[in-house]
file data.txt (compact mmCIF, C-alpha atoms and all ligand atoms)
# COMPACT_ATOMS: atom_id res chain seq x y z
CA MET A 671 -16.21 -19.25 -0.18
CA LEU A 672 -13.37 -20.69 -2.27
CA ASN A 673 -10.52 -22.26 -0.31
CA ARG A 674 -6.98 -20.90 -0.52
CA ALA A 675 -5.81 -23.28 -3.27
CA GLN A 676 -8.89 -22.57 -5.42
CA LEU A 677 -8.49 -18.83 -4.92
CA ARG A 678 -4.84 -18.98 -6.04
CA ILE A 679 -5.79 -20.72 -9.28
CA GLU A 680 -8.74 -18.39 -9.96
CA ILE A 681 -6.88 -15.14 -9.29
CA ARG A 682 -3.66 -16.20 -11.03
CA ASN A 683 -5.80 -17.03 -14.08
CA ARG A 684 -7.50 -13.65 -13.89
CA ARG A 685 -4.14 -11.86 -13.79
CA GLN A 686 -2.82 -13.88 -16.73
CA GLN A 687 -5.75 -12.67 -18.89
CA LEU A 688 -4.60 -9.01 -18.71
CA SER A 689 -3.46 -7.60 -22.06
CA ALA A 690 0.08 -6.33 -22.59
CA GLN A 691 -1.38 -2.81 -22.74
CA ALA A 692 -3.21 -3.26 -19.42
CA GLN A 693 0.01 -4.58 -17.85
CA GLN A 694 1.94 -1.59 -19.14
CA ASP A 695 -0.66 0.93 -17.95
CA ALA A 696 -0.75 -0.70 -14.51
CA ALA A 697 3.04 -0.54 -14.15
CA ILE A 698 3.08 3.19 -14.97
CA GLY A 699 0.07 3.82 -12.72
CA LEU A 700 1.81 2.03 -9.87
CA VAL A 701 4.72 4.47 -10.01
CA ARG A 702 2.28 7.40 -10.05
CA GLN A 703 0.52 6.05 -6.93
CA LEU A 704 3.67 5.29 -4.99
CA LEU A 705 6.30 7.99 -5.68
CA PRO A 706 4.43 10.77 -3.84
CA CYS A 707 3.12 8.60 -1.00
CA ALA A 708 4.26 9.33 2.58
CA GLU A 709 5.52 5.79 3.26
CA VAL A 710 7.85 5.95 0.25
CA LEU A 711 9.02 9.53 0.94
CA ALA A 712 9.90 8.52 4.52
CA ALA A 713 11.74 5.33 3.54
CA GLN A 714 15.40 4.91 2.59
CA HIS A 715 15.88 1.11 2.69
CA ILE A 716 13.17 -0.50 0.55
CA ALA A 717 12.68 -4.18 -0.31
CA LEU A 718 10.77 -5.13 -3.44
CA TYR A 719 10.84 -8.01 -5.92
CA LEU A 720 11.20 -8.83 -9.61
CA SER A 721 7.79 -9.65 -11.11
CA ASN A 722 6.85 -13.14 -12.23
CA ASP A 723 3.71 -14.91 -13.46
CA SER A 724 1.82 -11.76 -14.64
CA GLU A 725 2.35 -9.95 -11.33
CA ILE A 726 2.17 -6.17 -11.73
CA ASP A 727 5.48 -5.21 -13.38
CA THR A 728 7.88 -3.59 -10.90
CA THR A 729 10.51 -2.58 -13.50
CA ALA A 730 9.37 1.05 -13.81
CA LEU A 731 8.97 1.33 -10.02
CA ILE A 732 12.53 0.08 -9.48
CA GLN A 733 13.92 2.65 -11.94
CA ALA A 734 11.92 5.47 -10.33
CA LEU A 735 13.03 4.53 -6.80
CA TRP A 736 16.69 4.37 -7.85
CA GLN A 737 16.29 7.82 -9.44
CA ALA A 738 14.79 9.08 -6.18
CA GLY A 739 17.96 7.93 -4.38
CA LYS A 740 16.42 4.99 -2.50
CA THR A 741 18.47 1.94 -1.50
CA LEU A 742 16.74 -1.19 -2.85
CA TYR A 743 16.82 -4.84 -1.78
CA LEU A 744 15.57 -8.06 -3.38
CA PRO A 745 14.55 -11.30 -1.66
CA ILE A 746 16.73 -14.41 -1.86
CA LEU A 747 15.42 -17.83 -0.80
CA HIS A 748 17.38 -18.50 2.39
CA PRO A 749 20.22 -20.92 1.50
CA PHE A 750 19.70 -23.14 4.57
CA CYS A 751 16.74 -21.84 6.60
CA ALA A 752 13.96 -23.37 4.46
CA GLY A 753 10.90 -21.18 3.94
CA TYR A 754 12.60 -17.89 4.89
CA LEU A 755 13.74 -14.96 2.72
CA ILE A 756 16.80 -12.77 3.16
CA PHE A 757 17.18 -9.36 1.55
CA GLN A 758 20.22 -8.29 -0.47
CA HIS A 759 21.19 -4.85 -1.81
CA TYR A 760 20.11 -4.45 -5.45
CA GLN A 761 21.92 -2.08 -7.83
CA PRO A 762 21.82 -1.92 -11.64
CA THR A 763 25.12 -3.88 -11.72
CA THR A 764 24.04 -6.64 -9.26
CA PRO A 765 24.53 -10.11 -10.84
CA LEU A 766 21.27 -12.11 -10.85
CA VAL A 767 20.76 -15.89 -10.92
CA PRO A 768 17.45 -17.77 -11.27
CA ASN A 769 16.17 -19.39 -8.04
CA ARG A 770 14.42 -22.77 -7.96
CA PHE A 771 11.15 -21.14 -9.08
CA GLY A 772 12.94 -19.54 -12.05
CA ILE A 773 12.69 -16.05 -10.53
CA PRO A 774 15.94 -14.04 -10.83
CA GLU A 775 17.54 -13.17 -7.49
CA PRO A 776 20.86 -11.52 -6.56
CA LYS A 777 23.85 -13.87 -6.42
CA LEU A 778 24.40 -14.32 -2.68
CA ASN A 779 26.96 -11.89 -1.27
CA CYS A 780 26.83 -11.84 2.52
CA ALA A 781 28.40 -8.36 2.68
CA GLU A 782 25.35 -6.97 0.84
CA LEU A 783 22.62 -8.46 3.08
CA LEU A 784 20.42 -6.29 5.32
CA PRO A 785 18.52 -7.79 8.29
CA VAL A 786 14.76 -7.54 7.71
CA GLN A 787 14.42 -5.45 10.89
CA GLN A 788 16.47 -2.68 9.25
CA LEU A 789 14.17 -2.25 6.26
CA ASP A 790 11.92 0.84 6.30
CA LEU A 791 9.44 -0.47 3.74
CA ILE A 792 8.72 -3.86 2.16
CA PHE A 793 6.73 -4.16 -1.05
CA THR A 794 5.34 -7.69 -1.13
CA PRO A 795 4.04 -9.72 -4.05
CA LEU A 796 0.63 -11.33 -3.57
CA VAL A 797 -1.95 -13.41 -5.39
CA ALA A 798 -5.05 -11.95 -3.71
CA PHE A 799 -5.86 -9.22 -1.18
CA ASP A 800 -9.03 -8.10 0.57
CA SER A 801 -10.46 -4.87 1.95
CA LEU A 802 -9.00 -5.60 5.41
CA GLY A 803 -5.41 -5.82 4.16
CA GLN A 804 -5.11 -9.59 4.34
CA ARG A 805 -2.89 -11.13 1.66
CA LEU A 806 -2.72 -14.53 0.04
CA GLY A 807 0.63 -15.40 -1.56
CA MET A 808 1.92 -18.18 -3.79
CA GLY A 809 1.59 -20.69 -0.96
CA GLY A 810 5.18 -21.07 0.17
CA GLY A 811 4.68 -19.04 3.35
CA PHE A 812 7.95 -17.20 2.54
CA TYR A 813 6.70 -13.70 3.29
CA ASP A 814 4.58 -14.78 6.28
CA ARG A 815 7.55 -16.53 7.90
CA THR A 816 9.98 -13.72 7.13
CA LEU A 817 7.67 -10.92 8.28
CA SER A 818 6.94 -12.79 11.51
CA GLN A 819 10.54 -11.86 12.46
CA LEU A 820 9.40 -8.23 12.84
CA ALA A 821 8.14 -7.21 16.29
CA ALA A 822 4.44 -6.39 16.52
CA ASN A 823 5.22 -2.65 16.90
CA HIS A 824 7.88 -2.55 14.17
CA ARG A 825 8.16 0.69 12.19
CA CYS A 826 8.68 -1.15 8.88
CA ARG A 827 5.71 -0.55 6.53
CA LEU A 828 4.30 -3.42 4.47
CA ILE A 829 2.70 -2.55 1.15
CA GLY A 830 1.37 -5.21 -1.23
CA LEU A 831 1.55 -4.61 -5.00
CA ALA A 832 -1.21 -5.98 -7.20
CA HIS A 833 -3.54 -5.51 -10.12
CA ASP A 834 -7.04 -4.24 -9.26
CA CYS A 835 -8.44 -7.61 -10.42
CA GLN A 836 -6.62 -9.36 -7.56
CA GLN A 837 -8.95 -7.87 -4.92
CA VAL A 838 -11.48 -10.28 -3.41
CA PRO A 839 -14.27 -9.47 -0.94
CA GLN A 840 -12.84 -11.43 1.98
CA LEU A 841 -9.92 -13.83 2.37
CA PRO A 842 -9.96 -16.76 4.77
CA VAL A 843 -7.41 -15.81 7.46
CA GLU A 844 -4.89 -18.16 9.08
CA PRO A 845 -3.14 -17.39 12.39
CA TRP A 846 0.26 -16.95 10.68
CA ASP A 847 -0.98 -14.49 8.02
CA GLN A 848 0.78 -11.12 8.22
CA PRO A 849 -1.63 -8.28 7.35
CA LEU A 850 -0.52 -5.39 5.11
CA HIS A 851 -0.57 -1.67 5.93
CA ALA A 852 -1.59 -0.87 2.35
CA VAL A 853 -1.98 -2.25 -1.16
CA ALA A 854 -0.97 -0.27 -4.25
CA THR A 855 -2.40 -1.00 -7.69
CA GLY A 856 -2.17 0.83 -11.01
CA SER A 857 -5.11 3.02 -10.00
CA ARG A 858 -5.22 3.27 -6.18
CA LEU A 859 -3.36 3.20 -2.90
CA LEU A 860 -5.59 1.51 -0.32
CA ARG A 861 -4.57 1.98 3.32
CA PHE A 862 -5.95 -0.36 5.97
N1 LIG B 1 8.02 -12.20 -7.99
C1 LIG B 1 7.98 -12.91 -6.89
N2 LIG B 1 9.10 -13.22 -6.25
C2 LIG B 1 9.04 -13.97 -5.12
C3 LIG B 1 7.81 -14.42 -4.61
C4 LIG B 1 6.62 -14.08 -5.32
O1 LIG B 1 5.48 -14.42 -4.94
N3 LIG B 1 6.76 -13.32 -6.44
N4 LIG B 1 7.78 -15.16 -3.45
C5 LIG B 1 6.73 -15.17 -2.53
O2 LIG B 1 6.66 -15.96 -1.65
C6 LIG B 1 8.98 -15.92 -3.13
C7 LIG B 1 9.01 -17.17 -3.98
N5 LIG B 1 7.84 -17.96 -3.77
C8 LIG B 1 7.24 -18.72 -4.75
C9 LIG B 1 6.42 -19.75 -4.40
C10 LIG B 1 5.87 -20.56 -5.39
C11 LIG B 1 6.11 -20.31 -6.73
C12 LIG B 1 5.59 -21.12 -7.86
O3 LIG B 1 5.66 -20.73 -8.99
N6 LIG B 1 5.10 -22.27 -7.65
C13 LIG B 1 4.65 -23.05 -8.80
C14 LIG B 1 5.02 -24.51 -8.67
C15 LIG B 1 6.24 -24.80 -7.85
C16 LIG B 1 7.51 -25.05 -8.62
O4 LIG B 1 7.69 -24.59 -9.75
O5 LIG B 1 8.37 -25.75 -8.04
C17 LIG B 1 3.18 -22.93 -8.95
O6 LIG B 1 2.48 -22.75 -7.93
O7 LIG B 1 2.72 -22.99 -10.10
C18 LIG B 1 6.89 -19.25 -7.06
C19 LIG B 1 7.46 -18.45 -6.08
C20 LIG B 1 10.21 -15.07 -3.30
N7 LIG B 1 10.19 -14.33 -4.54
N1 LIG B 2 5.51 -17.77 10.77
C1 LIG B 2 5.43 -19.03 10.31
N2 LIG B 2 6.07 -20.04 10.93
C2 LIG B 2 5.99 -21.31 10.48
N3 LIG B 2 5.27 -21.65 9.38
C3 LIG B 2 4.61 -20.72 8.72
C4 LIG B 2 4.67 -19.35 9.15
N4 LIG B 2 3.93 -18.62 8.27
C5 LIG B 2 3.44 -19.48 7.36
N5 LIG B 2 3.83 -20.74 7.62
C6 LIG B 2 3.47 -21.96 6.83
O1 LIG B 2 3.64 -21.70 5.45
C7 LIG B 2 2.64 -22.42 4.71
C8 LIG B 2 2.07 -21.57 3.60
O2 LIG B 2 1.40 -20.45 4.14
P1 LIG B 2 0.39 -19.58 3.26
O3 LIG B 2 -0.50 -20.45 2.47
O4 LIG B 2 -0.24 -18.55 4.15
O5 LIG B 2 1.44 -18.86 2.27
P2 LIG B 2 1.24 -17.58 1.38
O6 LIG B 2 0.81 -16.40 2.16
O7 LIG B 2 0.38 -17.92 0.25
O8 LIG B 2 2.74 -17.43 0.86
P3 LIG B 2 3.79 -16.21 0.94
O9 LIG B 2 3.81 -15.68 2.34
O10 LIG B 2 5.09 -16.86 0.55
O11 LIG B 2 3.40 -15.22 -0.06
C9 LIG B 2 1.58 -22.84 5.69
O12 LIG B 2 1.58 -24.24 5.70
C10 LIG B 2 2.03 -22.29 7.03
O13 LIG B 2 1.88 -23.26 8.05

call {"tool": "encode", "arguments": {"input": "data.txt", "output": "structure tokens"}}
result
Amino acid sequence: MLNRAQLRIEIRNRRQQLSAQAQQDAAIGLVRQLLPCAEVLAAQHIALYLSNDSEIDTTALIQALWQAGKTLYLPILHPFCAGYLIFQHYQPTTPLVPNRFGIPEPKLNCAELLPVQQLDLIFTPLVAFDSLGQRLGMGGGFYDRTLSQLAANHRCRLIGLAHDCQQVPQLPVEPWDQPLHAVATGSRLLRF
């Protein structure tokens, strides 16, 4: 079995090989999978992210969720609690600034923050996922740390977004890993 660092390189490479057409099809397919799904219909406050590094493109999903009247939030790297994310309201007019990884995030406005416990649904980025709902991220532990603030019986649903090619048979699991309730790709919604 490849270790976590090797898996990240291998799967990020795989994702970067996708053609522009495949990326576009996946982004449209993702909306088709998610708009009618029960977790989305039941949710009002939804966190997602702006895609980076050949991640499945969330632009069409964001537009569709706004049209459906959902309230959206984006992650911001916590300004002083290293390794944690906070979530800020995201509207078409929200000013964005690049974070230290070059990923655009909302300009911090404390009045627009929502505690993670008040989110109904969190779409997470990931590098790899397996058939048990385990996820491997970019390696910063940002989502693992932030999601560990949710109680074990929290009602917030966690859905990873990925390309089909990011699925692996089985991920090595660490004690801090936060498993997902589902993963959505351009072609499927897999519940665990
Ligand atoms: N689109 C998106 N946004 C996200 C995440 C993500 O995975 N995807 N994150 C999920 O946690 C957080 C940011 N975490 C990240 C962790 C590492 C790297 C990264 O590119 N690392 C480089 C080298 C480090 C550097 O440039 O300083 C690399 O590994 O090549 C990017 C984001 C919050 N926002
Ligand atoms: N709840 C936590 N409390 C403290 N440290 C944590 C916690 N969760 C993860 N970490 C630390 O974060 C580091 C990176 O974790 P890991 O490799 O699982 O990140 P990842 O899942 O790839 O990243 P991400 O969650 O940002 O997508 C590890 O060294 C781990 O010790």

call {"tool": "residues_around", "arguments": {"input": "data.txt", "residues": "region 825-841 of chain A", "least_positions_apart": "4", "cutoff": "7 Å", "atoms": "all atoms listed in the file", "output": "list in words"}}
result
Ile681, Arg685, Glu725, Ile726, Leu789, Asp790, Leu791, Ile792, Phe793, Thr794, Pro795, Leu796, Val797, Ala798, Phe799, Asp800, Ser801, Gln804, Leu850, His851, Ala852, Val853, Ala854, Thr855 and Gly856 of chain A

call {"tool": "residues_near_ligand", "arguments": {"input": "data.txt", "ligand": "ligand LIG 2 (chain B)", "cutoff": "8 Å", "atoms": "only C-alpha atoms and all ligand atoms", "output": "JSON, numbers by chain"}}
result
{"A": [674, 753, 794, 795, 796, 797, 805, 806, 807, 808, 809, 810, 811, 812, 813, 814, 815, 816, 817, 818, 819, 844, 846, 847]}

call {"tool": "closest_residue", "arguments": {"input": "data.txt", "among": "A:Gln676, A:Gln761, A:Gln693, A:Asn722", "to": "Gln737 (chain A)", "atoms": "all atoms listed in the file"}}
result
A:Gln761

call {"tool": "atom_distance", "arguments": {"input": "data.txt", "atom1": "CA of Ile698 (chain A)", "atom2": "atom C11 of ligand LIG 1 (chain B)"}}
result
25.1 Å

call {"tool": "residues_around", "arguments": {"input": "data.txt", "residues": "Asp723 (chain A)", "least_positions_apart": "2", "cutoff": "8 Å", "atoms": "all atoms listed in the file", "output": "number ranges by chain"}}
result
A: 682, 686, 721, 725

call {"tool": "residues_around", "arguments": {"input": "data.txt", "residues": "His759 (chain A)", "least_positions_apart": "5", "cutoff": "6 Å", "atoms": "all atoms listed in the file", "output": "number ranges by chain"}}
result
A: 742-743, 782

call {"tool": "closest_residue", "arguments": {"input": "data.txt", "among": "A:Leu705, A:Ala675, A:Leu859, A:Leu688", "to": "ligand LIG 1 (chain B)", "atoms": "only C-alpha atoms and all ligand atoms"}}
result
A:Ala675

call {"tool": "closest_residue", "arguments": {"input": "data.txt", "among": "A:Pro774, A:Pro845, A:Gly803, A:Pro762", "to": "ligand LIG 1 (chain B)", "atoms": "only C-alpha atoms and all ligand atoms"}}
result
A:Pro774

call {"tool": "closest_residue", "arguments": {"input": "data.txt", "among": "A:Ile773, A:Ala690, A:Leu700, A:Cys707", "to": "ligand LIG 1 (chain B)", "atoms": "all atoms listed in the file"}}
result
A:Ile773

call {"tool": "closest_residue", "arguments": {"input": "data.txt", "among": "A:Arg770, A:His824, A:Arg858, A:His715", "to": "ligand LIG 1 (chain B)", "atoms": "all atoms listed in the file"}}
result
A:Arg770

call {"tool": "closest_residue", "arguments": {"input": "data.txt", "among": "A:Leu783, A:Leu704, A:Ile746, A:Ala738", "to": "ligand LIG 1 (chain B)", "atoms": "only C-alpha atoms and all ligand atoms"}}
result
A:Ile746

call {"tool": "atom_distance", "arguments": {"input": "data.txt", "atom1": "CA of Ile716 (chain A)", "atom2": "CA of Phe750 (chain A)"}}
result
23.9 Å

call {"tool": "decode", "arguments": {"input": "data.txt", "residues": "region 745-799 of chain A", "atoms": "C-alpha atoms", "output": "tab-separated table (two decimals), in the first residue's frame"}}
result
chain	number	residue	atom	x	y	z
A	745	PRO	CA	-13.44	28.50	4.33
A	746	ILE	CA	-10.87	31.03	5.53
A	747	LEU	CA	-7.56	29.93	7.09
A	748	HIS	CA	-8.02	30.92	10.73
A	749	PRO	CA	-6.08	34.19	11.28
A	750	PHE	CA	-4.53	33.08	14.59
A	751	CYS	CA	-5.63	29.51	15.37
A	752	ALA	CA	-3.14	27.71	13.09
A	753	GLY	CA	-4.50	24.68	11.24
A	754	TYR	CA	-8.19	25.58	11.68
A	755	LEU	CA	-10.74	26.91	9.17
A	756	ILE	CA	-13.54	29.39	9.78
A	757	PHE	CA	-16.52	29.79	7.46
A	758	GLN	CA	-17.71	33.12	6.08
A	759	HIS	CA	-20.90	33.98	4.16
A	760	TYR	CA	-20.26	33.99	0.40
A	761	GLN	CA	-22.37	36.09	-1.98
A	762	PRO	CA	-21.68	37.11	-5.60
A	763	THR	CA	-20.45	40.50	-4.31
A	764	THR	CA	-18.13	39.12	-1.57
A	765	PRO	CA	-14.57	40.50	-1.98
A	766	LEU	CA	-12.01	37.68	-2.29
A	767	VAL	CA	-8.28	37.72	-1.48
A	768	PRO	CA	-5.74	34.94	-2.14
A	769	ASN	CA	-4.65	32.99	0.97
A	770	ARG	CA	-1.08	31.75	1.50
A	771	PHE	CA	-1.74	28.77	-0.81
A	772	GLY	CA	-2.97	31.13	-3.55
A	773	ILE	CA	-6.59	29.99	-3.13
A	774	PRO	CA	-9.10	32.89	-3.12
A	775	GLU	CA	-10.98	33.30	0.17
A	776	PRO	CA	-13.42	35.95	1.44
A	777	LYS	CA	-11.81	39.05	2.95
A	778	LEU	CA	-12.31	38.52	6.69
A	779	ASN	CA	-15.46	40.20	8.00
A	780	CYS	CA	-16.31	38.95	11.48
A	781	ALA	CA	-19.98	39.93	11.10
A	782	GLU	CA	-20.29	37.41	8.25
A	783	LEU	CA	-18.81	34.36	10.03
A	784	LEU	CA	-20.93	31.33	10.98
A	785	PRO	CA	-19.77	28.85	13.66
A	786	VAL	CA	-19.12	25.43	12.10
A	787	GLN	CA	-21.75	23.89	14.41
A	788	GLN	CA	-24.44	25.95	12.67
A	789	LEU	CA	-23.74	24.61	9.18
A	790	ASP	CA	-26.24	22.07	7.83
A	791	LEU	CA	-23.94	20.65	5.17
A	792	ILE	CA	-20.21	20.88	4.42
A	793	PHE	CA	-18.83	19.99	1.01
A	794	THR	CA	-15.15	19.16	1.52
A	795	PRO	CA	-12.31	19.06	-0.98
A	796	LEU	CA	-10.20	15.90	-0.97
A	797	VAL	CA	-7.30	14.28	-2.77
A	798	ALA	CA	-8.43	10.65	-2.38
A	799	PHE	CA	-11.43	8.78	-0.96
